[in-house]
Amino acid sequence: MALVSYDDAEAAAFAAARELPPASLDRWRHAVQQHLRPRATTSLLDLGCGTGAWARAFTGWFGIQVVGVEPASAMRAYAEHRPLLAGDAGALPLRDSSVDAAWLSTMLHHVPDLDAAAHELRRVLRPGAPVLIRSPFPGRHQRIGLFHWFPEAIRVLETYPDLARVRAAFAAAGFPVSSVEAVAQTTAASLADFAQRLDRRAHTPLRLISDDAYEAGMARLRAAAPHTPGPVVDHLDLLVLR
Ligand SMILES: C[S@@+](CC[C@H](N)C(=O)[O-])C[C@H]1O[C@@H](n2cnc3c(N)ncnc32)[C@H](O)[C@@H]1O
């Protein structure tokens, strides 16, 4: 059971509010490329691929073969990427040693059994293949705008598995080496654009704060937007495990 549900309304909100144009993800392209070393024959599992935005970006950037796996039928309905399989982290619908890398973007906090997921990833990945995790981690929210405008959401983030927990689970499953770096993305062209596009249903930390806390954050955001120039740039972590 995910931390929150992904039904039709949430899937529609996610597709509208969270998908970023590939041009705003240039730093991610570069960071992933360093670890993936993609070739035409490289196969990558996009686990919890949601509406398929990253699968589409990786296919376009690197020309690799991406297989999406996603448990929520409503999210799959918005994904045009193929192949796209129903399945979840606890029981991957893939053969042993069949993929060259795995990509897990903002999904790890939904996985109920992290240790089982790490073992499943060990099973399907070839020896030496990396697991690339894009996520906010507890204690590392300072350069993510959402947590500035909605500080109550930090308490939600603190319930996510932290870096030490994730590293320990993956080390025990056979991924002993890890590195972490913060990677920038342009989340919105301006704070006004950010405020206008923001949809609570598309962000787990906002779904799990009170209505009052959410309204107060939106009021702060709307008041600041006209006086805050420049794009909204967020830094999420890229954790790489081998
Ligand atoms: C915040 S969305 C991220 C979607 C996509 N990875 C992205 O970054 O655009 C989280 C996704 O994780 C999926 N998910 C939840 N529990 C999962 C599990 N146990 N195994 C795999 N995916 C899961 C959800 O259905 C949802 O599509």
# chains A, B, ... in the order shown; residues from 1 in each chain; ligands from 1
>>> residues_near_ligand(ligand="ligand 1", cutoff="10 Å", atoms="only C-alpha atoms and all ligand atoms", output="ChimeraX atom specification")
/A:1-7,10-11,14-15,18-20,46-55,68-76,86-92,103-114,117,133-135,202-204
>>> select_by_dssp(residues="range 23-217 of chain A", states="strand (DSSP E)", output="MDAnalysis selection string")
chainID A and resid 43:47 65:70 84:86 101:105 131:135 178:188
>>> write_last_selection(atoms="C-alpha atoms", output="mmCIF file, in the first residue's frame")
data_model
loop_
_atom_site.group_PDB
_atom_site.id
_atom_site.type_symbol
_atom_site.label_atom_id
_atom_site.label_comp_id
_atom_site.auth_asym_id
_atom_site.auth_seq_id
_atom_site.Cartn_x
_atom_site.Cartn_y
_atom_site.Cartn_z
ATOM 1 C CA SER A 43 18.158 -1.447 -20.719
ATOM 2 C CA LEU A 44 16.762 0.492 -17.772
ATOM 3 C CA LEU A 45 13.900 -0.285 -15.401
ATOM 4 C CA ASP A 46 11.857 2.813 -14.458
ATOM 5 C CA LEU A 47 10.258 1.544 -11.254
ATOM 6 C CA GLN A 65 15.511 0.761 -23.865
ATOM 7 C CA VAL A 66 13.335 1.710 -20.905
ATOM 8 C CA VAL A 67 10.791 -0.617 -19.331
ATOM 9 C CA GLY A 68 8.280 1.084 -17.049
ATOM 10 C CA VAL A 69 6.777 -0.741 -14.073
ATOM 11 C CA GLU A 70 3.888 0.921 -12.241
ATOM 12 C CA LEU A 84 4.822 -0.452 -19.530
ATOM 13 C CA LEU A 85 4.100 -3.273 -17.080
ATOM 14 C CA ALA A 86 1.800 -3.543 -14.090
ATOM 15 C CA ALA A 101 20.123 -0.067 -14.431
ATOM 16 C CA ALA A 102 17.114 0.937 -12.353
ATOM 17 C CA TRP A 103 15.607 4.417 -11.934
ATOM 18 C CA LEU A 104 13.436 5.174 -8.899
ATOM 19 C CA SER A 105 12.109 8.740 -8.939
ATOM 20 C CA VAL A 131 20.234 1.736 -8.877
ATOM 21 C CA LEU A 132 19.641 5.469 -9.365
ATOM 22 C CA ILE A 133 17.299 7.013 -6.812
ATOM 23 C CA ARG A 134 15.934 10.550 -7.217
ATOM 24 C CA SER A 135 14.299 11.650 -4.008
ATOM 25 C CA SER A 178 26.877 4.326 -2.794
ATOM 26 C CA SER A 179 27.256 8.000 -3.612
ATOM 27 C CA VAL A 180 24.900 10.949 -3.193
ATOM 28 C CA GLU A 181 24.750 14.363 -4.822
ATOM 29 C CA ALA A 182 22.160 17.146 -4.971
ATOM 30 C CA VAL A 183 21.008 17.851 -8.527
ATOM 31 C CA ALA A 184 19.307 21.070 -9.631
ATOM 32 C CA GLN A 185 16.154 21.287 -11.711
ATOM 33 C CA THR A 186 14.143 24.274 -12.899
ATOM 34 C CA THR A 187 10.778 23.530 -11.346
ATOM 35 C CA ALA A 188 9.077 26.682 -12.670
#
>>> closest_residue(among="A:Glu120, A:Glu80, A:Asp115, A:Asp26", to="Pro93 in chain A", atoms="only C-alpha atoms")
A:Glu120
>>> residues_around(residues="range 136-144 of chain A", least_positions_apart="6", cutoff="9 Å", atoms="only C-alpha atoms", output="ChimeraX atom specification")
/A:106,154-163,233-238
>>> write_last_selection(atoms="N, CA and C atoms", output="mmCIF file, in the first residue's frame")
data_model
loop_
_atom_site.group_PDB
_atom_site.id
_atom_site.type_symbol
_atom_site.label_atom_id
_atom_site.label_comp_id
_atom_site.auth_asym_id
_atom_site.auth_seq_id
_atom_site.Cartn_x
_atom_site.Cartn_y
_atom_site.Cartn_z
ATOM 1 N N THR A 106 11.201 9.657 -6.923
ATOM 2 C CA THR A 106 10.222 10.083 -5.910
ATOM 3 C C THR A 106 9.161 9.006 -5.647
ATOM 4 N N ILE A 154 7.681 19.377 6.199
ATOM 5 C CA ILE A 154 8.967 18.787 6.621
ATOM 6 C C ILE A 154 8.700 17.596 7.541
ATOM 7 N N ARG A 155 7.659 17.694 8.342
ATOM 8 C CA ARG A 155 7.326 16.579 9.249
ATOM 9 C C ARG A 155 6.916 15.332 8.466
ATOM 10 N N VAL A 156 6.282 15.540 7.337
ATOM 11 C CA VAL A 156 5.935 14.394 6.475
ATOM 12 C C VAL A 156 7.213 13.793 5.897
ATOM 13 N N LEU A 157 8.094 14.668 5.422
ATOM 14 C CA LEU A 157 9.360 14.175 4.844
ATOM 15 C C LEU A 157 10.140 13.355 5.872
ATOM 16 N N GLU A 158 10.052 13.758 7.121
ATOM 17 C CA GLU A 158 10.798 13.040 8.168
ATOM 18 C C GLU A 158 10.327 11.602 8.360
ATOM 19 N N THR A 159 9.149 11.283 7.829
ATOM 20 C CA THR A 159 8.672 9.891 7.921
ATOM 21 C C THR A 159 9.211 9.032 6.761
ATOM 22 N N TYR A 160 9.820 9.659 5.759
ATOM 23 C CA TYR A 160 10.372 8.913 4.626
ATOM 24 C C TYR A 160 11.642 8.184 5.101
ATOM 25 N N PRO A 161 12.020 7.083 4.440
ATOM 26 C CA PRO A 161 13.288 6.441 4.803
ATOM 27 C C PRO A 161 14.463 7.401 4.538
ATOM 28 N N ASP A 162 15.370 7.511 5.519
ATOM 29 C CA ASP A 162 16.485 8.448 5.332
ATOM 30 C C ASP A 162 17.641 7.755 4.598
ATOM 31 N N LEU A 163 18.665 8.548 4.308
ATOM 32 C CA LEU A 163 19.786 8.022 3.521
ATOM 33 C C LEU A 163 20.410 6.801 4.182
ATOM 34 N N VAL A 233 14.258 27.056 -8.629
ATOM 35 C CA VAL A 233 15.219 25.966 -8.845
ATOM 36 C C VAL A 233 15.265 25.111 -7.584
ATOM 37 N N ASP A 234 14.988 23.841 -7.737
ATOM 38 C CA ASP A 234 15.005 22.905 -6.605
ATOM 39 C C ASP A 234 16.167 21.929 -6.759
ATOM 40 N N HIS A 235 16.645 21.434 -5.617
ATOM 41 C CA HIS A 235 17.693 20.409 -5.628
ATOM 42 C C HIS A 235 17.176 19.166 -4.919
ATOM 43 N N LEU A 236 16.978 18.108 -5.676
ATOM 44 C CA LEU A 236 16.679 16.803 -5.070
ATOM 45 C C LEU A 236 17.949 15.973 -5.101
ATOM 46 N N ASP A 237 17.972 14.906 -4.320
ATOM 47 C CA ASP A 237 19.176 14.072 -4.277
ATOM 48 C C ASP A 237 19.141 12.985 -5.331
ATOM 49 N N LEU A 238 20.340 12.684 -5.823
ATOM 50 C CA LEU A 238 20.541 11.483 -6.645
ATOM 51 C C LEU A 238 21.419 10.542 -5.820
#
>>> residues_around(residues="Ile64 in chain A", least_positions_apart="3", cutoff="8 Å", atoms="only C-alpha atoms", output="list in words")
Pro38, Arg39, Ala40, Thr41, Thr42, Ser43, Leu44, Phe58 and Thr59 of chain A
>>> select_by_dssp(residues="range 71-192 of chain A", states="alpha helix (DSSP H)", output="PyMOL selection string")
chain A and resi 73-78+114-124+145-149+153-157+163-173+191-192
>>> write_last_selection(atoms="N, CA, C and O atoms", output="compact mmCIF listing (two decimals), in the first residue's frame")
# COMPACT_ATOMS: atom_id res chain seq x y z
N SER A 73 -3.13 1.64 -11.84
CA SER A 73 -3.69 1.63 -13.21
C SER A 73 -4.00 3.05 -13.67
O SER A 73 -3.87 3.37 -14.86
N ALA A 74 -4.40 3.94 -12.75
CA ALA A 74 -4.72 5.31 -13.15
C ALA A 74 -3.47 6.03 -13.66
O ALA A 74 -3.53 6.80 -14.62
N MET A 75 -2.32 5.78 -13.03
CA MET A 75 -1.07 6.39 -13.50
C MET A 75 -0.69 5.79 -14.85
O MET A 75 -0.30 6.52 -15.78
N ARG A 76 -0.82 4.49 -14.97
CA ARG A 76 -0.48 3.83 -16.25
C ARG A 76 -1.33 4.37 -17.39
O ARG A 76 -0.88 4.49 -18.53
N ALA A 77 -2.58 4.73 -17.08
CA ALA A 77 -3.48 5.21 -18.13
C ALA A 77 -2.98 6.52 -18.75
O ALA A 77 -3.31 6.84 -19.89
N TYR A 78 -2.20 7.30 -17.98
CA TYR A 78 -1.65 8.55 -18.52
C TYR A 78 -0.31 8.38 -19.21
O TYR A 78 0.21 9.33 -19.79
N LEU A 114 11.05 -1.97 2.16
CA LEU A 114 12.27 -1.51 1.48
C LEU A 114 13.27 -2.64 1.28
O LEU A 114 13.92 -2.75 0.23
N ASP A 115 13.39 -3.50 2.28
CA ASP A 115 14.37 -4.61 2.20
C ASP A 115 13.98 -5.57 1.07
O ASP A 115 14.83 -6.00 0.29
N ALA A 116 12.69 -5.88 0.98
CA ALA A 116 12.24 -6.78 -0.09
C ALA A 116 12.46 -6.14 -1.45
O ALA A 116 12.88 -6.82 -2.41
N ALA A 117 12.21 -4.83 -1.55
CA ALA A 117 12.40 -4.13 -2.83
C ALA A 117 13.88 -4.16 -3.24
O ALA A 117 14.20 -4.39 -4.41
N ALA A 118 14.77 -3.94 -2.27
CA ALA A 118 16.21 -3.96 -2.59
C ALA A 118 16.62 -5.35 -3.08
O ALA A 118 17.41 -5.47 -4.04
N HIS A 119 16.08 -6.40 -2.48
CA HIS A 119 16.41 -7.76 -2.93
C HIS A 119 15.84 -8.04 -4.32
O HIS A 119 16.49 -8.70 -5.14
N GLU A 120 14.65 -7.53 -4.59
CA GLU A 120 14.07 -7.70 -5.92
C GLU A 120 14.93 -6.99 -6.98
O GLU A 120 15.16 -7.51 -8.07
N LEU A 121 15.39 -5.79 -6.64
CA LEU A 121 16.24 -5.06 -7.58
C LEU A 121 17.56 -5.80 -7.80
O LEU A 121 18.05 -5.89 -8.93
N ARG A 122 18.11 -6.37 -6.72
CA ARG A 122 19.35 -7.17 -6.87
C ARG A 122 19.10 -8.35 -7.83
O ARG A 122 19.96 -8.69 -8.66
N ARG A 123 17.94 -8.96 -7.71
CA ARG A 123 17.61 -10.11 -8.55
C ARG A 123 17.55 -9.74 -10.03
O ARG A 123 18.08 -10.44 -10.88
N VAL A 124 16.90 -8.61 -10.36
CA VAL A 124 16.67 -8.31 -11.79
C VAL A 124 17.82 -7.55 -12.45
O VAL A 124 17.92 -7.54 -13.67
N GLY A 145 11.91 24.18 -2.72
CA GLY A 145 11.01 25.30 -2.44
C GLY A 145 9.75 24.91 -1.70
O GLY A 145 9.29 25.63 -0.80
N LEU A 146 9.19 23.77 -2.05
CA LEU A 146 7.94 23.32 -1.42
C LEU A 146 8.03 23.37 0.11
O LEU A 146 7.07 23.77 0.79
N PHE A 147 9.18 22.97 0.64
CA PHE A 147 9.32 22.89 2.10
C PHE A 147 9.55 24.27 2.71
O PHE A 147 9.37 24.46 3.91
N HIS A 148 9.95 25.23 1.89
CA HIS A 148 10.07 26.60 2.37
C HIS A 148 8.67 27.21 2.55
O HIS A 148 8.37 27.80 3.59
N TRP A 149 7.82 27.01 1.56
CA TRP A 149 6.48 27.63 1.61
C TRP A 149 5.53 26.84 2.52
O TRP A 149 4.58 27.40 3.07
N ALA A 153 5.21 20.49 5.96
CA ALA A 153 5.48 19.30 5.14
C ALA A 153 6.82 18.64 5.50
O ALA A 153 7.05 17.48 5.16
N ILE A 154 7.68 19.38 6.20
CA ILE A 154 8.97 18.79 6.62
C ILE A 154 8.70 17.60 7.54
O ILE A 154 9.41 16.59 7.51
N ARG A 155 7.66 17.69 8.34
CA ARG A 155 7.33 16.58 9.25
C ARG A 155 6.92 15.33 8.47
O ARG A 155 7.16 14.21 8.90
N VAL A 156 6.28 15.54 7.34
CA VAL A 156 5.93 14.39 6.47
C VAL A 156 7.21 13.79 5.90
O VAL A 156 7.41 12.57 5.91
N LEU A 157 8.09 14.67 5.42
CA LEU A 157 9.36 14.18 4.84
C LEU A 157 10.14 13.36 5.87
O LEU A 157 10.80 12.37 5.52
N LEU A 163 18.67 8.55 4.31
CA LEU A 163 19.79 8.02 3.52
C LEU A 163 20.41 6.80 4.18
O LEU A 163 20.72 5.81 3.51
N ALA A 164 20.58 6.86 5.49
CA ALA A 164 21.24 5.74 6.19
C ALA A 164 20.39 4.47 6.07
O ALA A 164 20.93 3.38 5.83
N ARG A 165 19.09 4.61 6.22
CA ARG A 165 18.19 3.45 6.12
C ARG A 165 18.21 2.84 4.71
O ARG A 165 18.25 1.62 4.55
N VAL A 166 18.18 3.71 3.71
CA VAL A 166 18.17 3.22 2.32
C VAL A 166 19.50 2.55 2.01
O VAL A 166 19.55 1.45 1.45
N ARG A 167 20.59 3.20 2.42
CA ARG A 167 21.91 2.60 2.15
C ARG A 167 22.04 1.24 2.84
O ARG A 167 22.56 0.28 2.25
N ALA A 168 21.55 1.14 4.06
CA ALA A 168 21.66 -0.12 4.81
C ALA A 168 20.84 -1.22 4.12
O ALA A 168 21.31 -2.36 3.98
N ALA A 169 19.63 -0.89 3.68
CA ALA A 169 18.78 -1.89 3.02
C ALA A 169 19.44 -2.40 1.74
O ALA A 169 19.44 -3.61 1.46
N PHE A 170 20.01 -1.48 0.98
CA PHE A 170 20.61 -1.88 -0.30
C PHE A 170 21.96 -2.58 -0.08
O PHE A 170 22.29 -3.52 -0.81
N ALA A 171 22.70 -2.17 0.92
CA ALA A 171 23.97 -2.86 1.21
C ALA A 171 23.68 -4.31 1.59
O ALA A 171 24.34 -5.24 1.12
N ALA A 172 22.65 -4.51 2.41
CA ALA A 172 22.30 -5.87 2.85
C ALA A 172 21.84 -6.73 1.69
O ALA A 172 21.96 -7.96 1.71
N ALA A 173 21.29 -6.08 0.65
CA ALA A 173 20.78 -6.83 -0.51
C ALA A 173 21.87 -7.07 -1.56
O ALA A 173 21.61 -7.73 -2.56
N LEU A 191 8.13 32.26 -9.58
CA LEU A 191 7.35 31.84 -8.41
C LEU A 191 5.85 31.94 -8.71
O LEU A 191 5.05 31.12 -8.22
N ALA A 192 5.47 32.92 -9.53
CA ALA A 192 4.05 33.05 -9.89
C ALA A 192 3.59 31.82 -10.68
O ALA A 192 2.50 31.27 -10.42
>>> atom_distance(atom1="CA of Gly128 in chain A", atom2="CA of Gly174 in chain A")
9.9 Å
